[in-house]
Amino acid sequence: MVHQRVVAADAAAMARLAAEWLAGEIRVAVTLRGVCALALSGGATPRPAYEALAEGPLEDPVPWDRVHVFFGDERAVPPDHPDSNYRMASEALLRRVSVPAGNVHRMEAEAADAQAAADRYARLLPEALDVLVLGVGADGHTASLFPGSPALHERSRRVVPVRAPKPPERRLTLTPPVLAAARRILVLAAGEDKAQAVARALKSAGTPDEVPARLARDGVWFLDEAAARLLAD
């Protein structure tokens, strides 16, 4: 499968287009399966897309009552901490739409027993996520799968504790089998600092060990012009 690429003039336009795509894919999943399992990413880039998604078109609303929300990764911080992916997603999206509280499944990465927390979360996950939102770091990481991480070679466990090369160091992350099983993947990248990572992730040769975002190469990539500047036409 060849990846799809949508390049917007700037980050704001990219966020609006990504929100429209997400709304459409959620509706499709609910129509086909009666429910949508949506996994969200953290970081600064997805926030405007979540905010745009929360505003949503009134004439064709997203069926939020049929959505179950999961997370691609989480830092080992309390849910109200500024570094919490859950907090960001809650502020930008979840508190502004009608997702039932019981449908939001937070990663408890701050738990003392990280492996037990990972195992609990793995049991919550559906067999396949309907829509998985991912970002790309300047180093090519996605979720909390960093270059050279042993988690990149995981083939059985679906959620694992990891150590990040930057703080907060302790995290939980989804693993490659979960990414591979996802029905639809949306990748967001904006800014010149992401351009090299995007180009390396989407080129024909390379390995996830070097650029973990290659795991999402077959997804739909929403980029601004700055992040796309090193891509060949």
# chains A, B, ... in the order shown; residues from 1 in each chain; ligands from 1

$ residues_around --residues "Ala39 (chain A)" --least-positions-apart "4" --cutoff "8 Å" --atoms "only C-alpha atoms" --output "JSON, numbers by chain"
{"A": [69, 70, 71, 72, 129, 131, 132, 133]}

$ select_by_dssp --residues "region 1-231 of chain A" --states "alpha helix (DSSP H)" --output "ChimeraX atom specification"
/A:11-33,46-55,85-92,114-124,176-181,195-202

$ atom_distance --atom1 "CA of Gln4 (chain A)" --atom2 "CA of Val220 (chain A)"
4.7 Å

$ select_by_dssp --residues "region 108-194 of chain A" --states "strand (DSSP E or B)" --output "PyMOL selection string"
chain A and resi 131-135+142+145+159-163+170-174+184-189

$ closest_atom_pairs --of "region 89-144 of chain A" --to "region 150-156 of chain A" --cutoff "12 Å" --atoms "only C-alpha atoms" --output "Markdown table"
| residue | atom | partner | partner_atom | distance |
| --- | --- | --- | --- | --- |
| A:Asp119 | CA | A:Ser156 | CA | 11.7 |
| A:Ala122 | CA | A:Ser156 | CA | 10.8 |
| A:His141 | CA | A:Leu152 | CA | 10.5 |
| A:Thr142 | CA | A:Leu152 | CA | 10.7 |
| A:Ala143 | CA | A:Leu152 | CA | 11.1 |
| A:Ser144 | CA | A:Ala151 | CA | 9.1 |

$ residues_around --residues "Arg96 (chain A)" --least-positions-apart "2" --cutoff "12 Å" --atoms "only C-alpha atoms" --output "list of chain:residue names"
A:Tyr50, A:Glu51, A:Ala52, A:Leu53, A:Ala54, A:Glu55, A:Gly56, A:Trp64, A:Ala89, A:Ser90, A:Glu91, A:Ala92, A:Leu93, A:Leu94, A:Ser98, A:Val99, A:Pro100

$ residues_around --residues "Gly42 (chain A)" --least-positions-apart "2" --cutoff "10 Å" --atoms "only C-alpha atoms" --output "PyMOL selection string"
chain A and resi 40+44-47+71-75+83-89+133-135+143-144

$ write_last_selection --atoms "N, CA and C atoms" --output "CSV table (one decimal), in the first residue's frame"
chain,number,residue,atom,x,y,z
A,40,LEU,N,-5.7,8.5,20.2
A,40,LEU,CA,-5.2,9.9,20.0
A,40,LEU,C,-3.7,10.0,20.4
A,44,ALA,N,2.3,18.8,20.6
A,44,ALA,CA,1.7,20.1,20.3
A,44,ALA,C,1.0,20.1,18.9
A,45,THR,N,1.5,19.3,18.0
A,45,THR,CA,1.0,19.3,16.6
A,45,THR,C,-0.5,18.9,16.5
A,46,PRO,N,-0.9,17.8,17.2
A,46,PRO,CA,-2.3,17.4,17.1
A,46,PRO,C,-3.3,18.4,17.7
A,47,ARG,N,-2.9,19.2,18.7
A,47,ARG,CA,-3.9,20.0,19.4
A,47,ARG,C,-4.8,20.8,18.5
A,71,PHE,N,-5.3,5.9,23.7
A,71,PHE,CA,-4.1,6.8,23.5
A,71,PHE,C,-3.0,6.0,23.0
A,72,GLY,N,-2.2,6.6,22.1
A,72,GLY,CA,-1.1,5.9,21.5
A,72,GLY,C,0.1,5.8,22.4
A,73,ASP,N,0.2,6.7,23.4
A,73,ASP,CA,1.3,6.6,24.4
A,73,ASP,C,0.9,7.6,25.5
A,74,GLU,N,1.7,7.5,26.6
A,74,GLU,CA,1.5,8.4,27.7
A,74,GLU,C,2.7,8.5,28.5
A,75,ARG,N,2.9,9.7,29.1
A,75,ARG,CA,4.1,9.9,30.0
A,75,ARG,C,3.7,9.5,31.4
A,83,ASP,N,2.4,17.8,31.1
A,83,ASP,CA,3.0,16.9,30.1
A,83,ASP,C,2.1,15.8,29.8
A,84,SER,N,0.9,15.7,30.4
A,84,SER,CA,0.0,14.5,30.2
A,84,SER,C,-0.7,14.6,28.8
A,85,ASN,N,-0.6,13.6,28.0
A,85,ASN,CA,-1.3,13.5,26.7
A,85,ASN,C,-2.8,13.5,27.0
A,86,TYR,N,-3.2,12.8,28.0
A,86,TYR,CA,-4.6,12.8,28.4
A,86,TYR,C,-5.1,14.2,28.7
A,87,ARG,N,-4.4,15.0,29.4
A,87,ARG,CA,-4.8,16.4,29.8
A,87,ARG,C,-5.0,17.2,28.5
A,88,MET,N,-4.0,17.1,27.6
A,88,MET,CA,-4.1,17.9,26.3
A,88,MET,C,-5.3,17.5,25.5
A,89,ALA,N,-5.5,16.2,25.4
A,89,ALA,CA,-6.7,15.7,24.6
A,89,ALA,C,-8.0,16.1,25.2
A,133,VAL,N,-4.3,8.1,15.5
A,133,VAL,CA,-3.7,9.4,15.2
A,133,VAL,C,-2.2,9.3,15.8
A,134,LEU,N,-1.3,9.7,14.9
A,134,LEU,CA,0.1,9.7,15.3
A,134,LEU,C,0.8,11.0,14.9
A,135,GLY,N,1.8,11.3,15.7
A,135,GLY,CA,2.7,12.5,15.3
A,135,GLY,C,4.0,11.9,14.9
A,143,ALA,N,4.4,7.8,18.4
A,143,ALA,CA,4.0,7.4,19.8
A,143,ALA,C,5.2,7.6,20.7
A,144,SER,N,5.5,6.6,21.5
A,144,SER,CA,6.8,6.6,22.3
A,144,SER,C,7.7,5.5,21.8

$ residues_around --residues "region 196-209 of chain A" --least-positions-apart "3" --cutoff "12 Å" --atoms "only C-alpha atoms" --output "PyMOL selection string"
chain A and resi 2-5+135-142+145-154+175-176+187-193+212-233

$ write_last_selection --atoms "N, CA and C atoms" --output "short mmCIF file (atom, residue, chain, number, x, y, z; two decimals), in the first residue's frame"
data_model
loop_
_atom_site.label_atom_id
_atom_site.label_comp_id
_atom_site.auth_asym_id
_atom_site.auth_seq_id
_atom_site.Cartn_x
_atom_site.Cartn_y
_atom_site.Cartn_z
N VAL A 2 0.58 2.21 -0.90
CA VAL A 2 1.36 3.43 -1.00
C VAL A 2 0.75 4.49 -0.10
N HIS A 3 1.60 5.20 0.61
CA HIS A 3 1.08 6.19 1.53
C HIS A 3 0.36 7.31 0.77
N GLN A 4 -0.57 7.96 1.48
CA GLN A 4 -1.26 9.12 0.94
C GLN A 4 -0.73 10.36 1.64
N ARG A 5 -0.66 11.43 0.90
CA ARG A 5 -0.05 12.66 1.43
C ARG A 5 -0.95 13.84 1.14
N GLY A 135 1.82 11.34 15.66
CA GLY A 135 2.67 12.45 15.28
C GLY A 135 4.05 11.94 14.90
N VAL A 136 4.92 12.85 14.54
CA VAL A 136 6.30 12.51 14.19
C VAL A 136 7.22 13.48 14.90
N GLY A 137 8.20 12.96 15.63
CA GLY A 137 9.18 13.81 16.27
C GLY A 137 10.30 14.17 15.31
N ALA A 138 11.05 15.19 15.65
CA ALA A 138 12.18 15.58 14.80
C ALA A 138 13.21 14.46 14.67
N ASP A 139 13.24 13.55 15.64
CA ASP A 139 14.15 12.41 15.57
C ASP A 139 13.52 11.21 14.86
N GLY A 140 12.30 11.37 14.36
CA GLY A 140 11.62 10.30 13.65
C GLY A 140 10.78 9.39 14.52
N HIS A 141 10.66 9.69 15.81
CA HIS A 141 9.86 8.81 16.67
C HIS A 141 8.37 9.04 16.42
N THR A 142 7.58 8.05 16.75
CA THR A 142 6.13 8.16 16.72
C THR A 142 5.59 7.39 17.91
N LEU A 145 7.77 5.36 20.52
CA LEU A 145 8.70 4.43 19.87
C LEU A 145 9.83 5.26 19.30
N PHE A 146 10.98 5.21 19.98
CA PHE A 146 12.12 6.04 19.62
C PHE A 146 13.15 5.24 18.83
N PRO A 147 13.98 5.91 18.03
CA PRO A 147 15.00 5.19 17.27
C PRO A 147 15.83 4.28 18.17
N GLY A 148 16.00 3.04 17.73
CA GLY A 148 16.80 2.07 18.47
C GLY A 148 16.11 1.43 19.65
N SER A 149 14.86 1.75 19.90
CA SER A 149 14.16 1.19 21.07
C SER A 149 13.88 -0.29 20.89
N PRO A 150 14.10 -1.11 21.93
CA PRO A 150 13.74 -2.53 21.85
C PRO A 150 12.25 -2.73 21.55
N ALA A 151 11.41 -1.77 21.91
CA ALA A 151 9.98 -1.89 21.67
C ALA A 151 9.65 -1.98 20.19
N LEU A 152 10.55 -1.52 19.33
CA LEU A 152 10.32 -1.59 17.89
C LEU A 152 10.33 -3.02 17.38
N HIS A 153 10.87 -3.93 18.19
CA HIS A 153 10.94 -5.34 17.78
C HIS A 153 9.88 -6.18 18.48
N GLU A 154 8.97 -5.53 19.21
CA GLU A 154 7.91 -6.25 19.89
C GLU A 154 6.94 -6.85 18.89
N THR A 175 2.56 -0.69 20.55
CA THR A 175 3.69 -1.34 19.88
C THR A 175 3.39 -1.55 18.39
N PRO A 176 4.41 -1.95 17.62
CA PRO A 176 4.21 -2.13 16.18
C PRO A 176 3.03 -3.01 15.79
N VAL A 187 -1.31 10.59 10.21
CA VAL A 187 -0.02 11.09 10.72
C VAL A 187 0.01 12.60 10.52
N LEU A 188 0.36 13.32 11.56
CA LEU A 188 0.43 14.78 11.52
C LEU A 188 1.86 15.24 11.73
N ALA A 189 2.31 16.15 10.89
CA ALA A 189 3.65 16.73 11.07
C ALA A 189 3.64 18.15 10.52
N ALA A 190 4.15 19.08 11.30
CA ALA A 190 4.20 20.48 10.90
C ALA A 190 5.52 21.10 11.34
N GLY A 191 6.04 21.99 10.51
CA GLY A 191 7.25 22.72 10.88
C GLY A 191 8.50 22.22 10.20
N GLU A 192 9.44 23.13 9.99
CA GLU A 192 10.69 22.78 9.31
C GLU A 192 11.51 21.76 10.08
N ASP A 193 11.38 21.75 11.41
CA ASP A 193 12.16 20.81 12.20
C ASP A 193 11.73 19.37 11.98
N PRO A 212 11.36 5.34 13.41
CA PRO A 212 10.16 4.60 13.81
C PRO A 212 8.89 5.02 13.08
N ALA A 213 8.80 6.27 12.65
CA ALA A 213 7.60 6.72 11.94
C ALA A 213 7.36 5.96 10.64
N ARG A 214 8.35 5.21 10.17
CA ARG A 214 8.13 4.36 8.99
C ARG A 214 7.07 3.31 9.26
N LEU A 215 6.82 2.99 10.51
CA LEU A 215 5.76 2.05 10.86
C LEU A 215 4.40 2.55 10.38
N ALA A 216 4.27 3.86 10.23
CA ALA A 216 3.01 4.46 9.79
C ALA A 216 3.08 4.94 8.34
N ARG A 217 4.05 4.45 7.61
CA ARG A 217 4.29 4.93 6.24
C ARG A 217 3.06 4.78 5.34
N ASP A 218 2.26 3.75 5.58
CA ASP A 218 1.09 3.51 4.74
C ASP A 218 -0.16 4.24 5.20
N GLY A 219 0.00 5.13 6.15
CA GLY A 219 -1.12 5.93 6.60
C GLY A 219 -1.38 7.13 5.70
N VAL A 220 -2.27 8.00 6.16
CA VAL A 220 -2.53 9.26 5.47
C VAL A 220 -1.75 10.35 6.21
N TRP A 221 -0.83 10.97 5.52
CA TRP A 221 0.07 11.95 6.13
C TRP A 221 -0.43 13.36 5.83
N PHE A 222 -0.76 14.10 6.88
CA PHE A 222 -1.14 15.50 6.74
C PHE A 222 0.06 16.35 7.16
N LEU A 223 0.54 17.15 6.22
CA LEU A 223 1.75 17.93 6.43
C LEU A 223 1.50 19.38 6.07
N ASP A 224 2.25 20.29 6.71
CA ASP A 224 2.28 21.64 6.18
C ASP A 224 3.46 21.74 5.20
N GLU A 225 3.54 22.85 4.47
CA GLU A 225 4.58 22.97 3.45
C GLU A 225 5.98 22.90 4.04
N ALA A 226 6.13 23.39 5.25
CA ALA A 226 7.45 23.36 5.88
C ALA A 226 7.90 21.93 6.16
N ALA A 227 7.00 21.09 6.66
CA ALA A 227 7.36 19.71 6.96
C ALA A 227 7.54 18.88 5.69
N ALA A 228 6.91 19.32 4.59
CA ALA A 228 6.97 18.56 3.34
C ALA A 228 8.07 19.04 2.41
N ARG A 229 8.88 19.99 2.82
CA ARG A 229 9.77 20.66 1.88
C ARG A 229 10.86 19.78 1.30
N LEU A 230 11.20 18.66 1.95
CA LEU A 230 12.25 17.80 1.44
C LEU A 230 11.72 16.59 0.66
N LEU A 231 10.41 16.54 0.48
CA LEU A 231 9.82 15.42 -0.24
C LEU A 231 9.88 15.67 -1.74
N ALA A 232 10.17 14.61 -2.48
CA ALA A 232 10.12 14.72 -3.94
C ALA A 232 8.68 14.67 -4.38
N ASP A 233 8.36 15.32 -5.47
CA ASP A 233 6.99 15.33 -5.98
C ASP A 233 6.60 13.94 -6.48
#

$ closest_residue --among "A:Leu22, A:Leu172, A:Leu179, A:Ala15" --to "Cys36 (chain A)" --atoms "only C-alpha atoms"
A:Leu22

$ residues_around --residues "Arg16 (chain A)" --least-positions-apart "3" --cutoff "9 Å" --atoms "only C-alpha atoms" --output "number ranges by chain"
A: 11-13, 19-21, 48-49, 52-53

$ write_last_selection --atoms "N, CA and C atoms" --output "mmCIF file, in the first residue's frame"
data_model
loop_
_atom_site.group_PDB
_atom_site.id
_atom_site.type_symbol
_atom_site.label_atom_id
_atom_site.label_comp_id
_atom_site.auth_asym_id
_atom_site.auth_seq_id
_atom_site.Cartn_x
_atom_site.Cartn_y
_atom_site.Cartn_z
ATOM 1 N N ALA A 11 0.254 25.229 9.155
ATOM 2 C CA ALA A 11 -0.203 24.304 10.193
ATOM 3 C C ALA A 11 -1.685 24.458 10.487
ATOM 4 N N ALA A 12 -2.209 25.682 10.422
ATOM 5 C CA ALA A 12 -3.626 25.899 10.706
ATOM 6 C C ALA A 12 -4.503 25.234 9.650
ATOM 7 N N ALA A 13 -4.126 25.384 8.390
ATOM 8 C CA ALA A 13 -4.889 24.745 7.315
ATOM 9 C C ALA A 13 -4.782 23.229 7.420
ATOM 10 N N ALA A 19 -8.899 17.505 10.703
ATOM 11 C CA ALA A 19 -10.134 17.380 11.481
ATOM 12 C C ALA A 19 -11.276 16.891 10.605
ATOM 13 N N GLU A 20 -11.366 17.401 9.391
ATOM 14 C CA GLU A 20 -12.410 16.948 8.462
ATOM 15 C C GLU A 20 -12.235 15.466 8.146
ATOM 16 N N TRP A 21 -10.998 15.059 7.935
ATOM 17 C CA TRP A 21 -10.721 13.647 7.631
ATOM 18 C C TRP A 21 -11.101 12.777 8.823
ATOM 19 N N PRO A 48 -4.310 21.590 17.565
ATOM 20 C CA PRO A 48 -5.232 22.373 16.729
ATOM 21 C C PRO A 48 -6.207 21.508 15.946
ATOM 22 N N ALA A 49 -5.774 20.314 15.540
ATOM 23 C CA ALA A 49 -6.685 19.405 14.835
ATOM 24 C C ALA A 49 -7.802 18.933 15.760
ATOM 25 N N ALA A 52 -10.231 21.801 16.192
ATOM 26 C CA ALA A 52 -11.087 21.939 15.006
ATOM 27 C C ALA A 52 -12.117 20.822 14.950
ATOM 28 N N LEU A 53 -11.728 19.624 15.354
ATOM 29 C CA LEU A 53 -12.655 18.494 15.368
ATOM 30 C C LEU A 53 -13.764 18.725 16.380
#
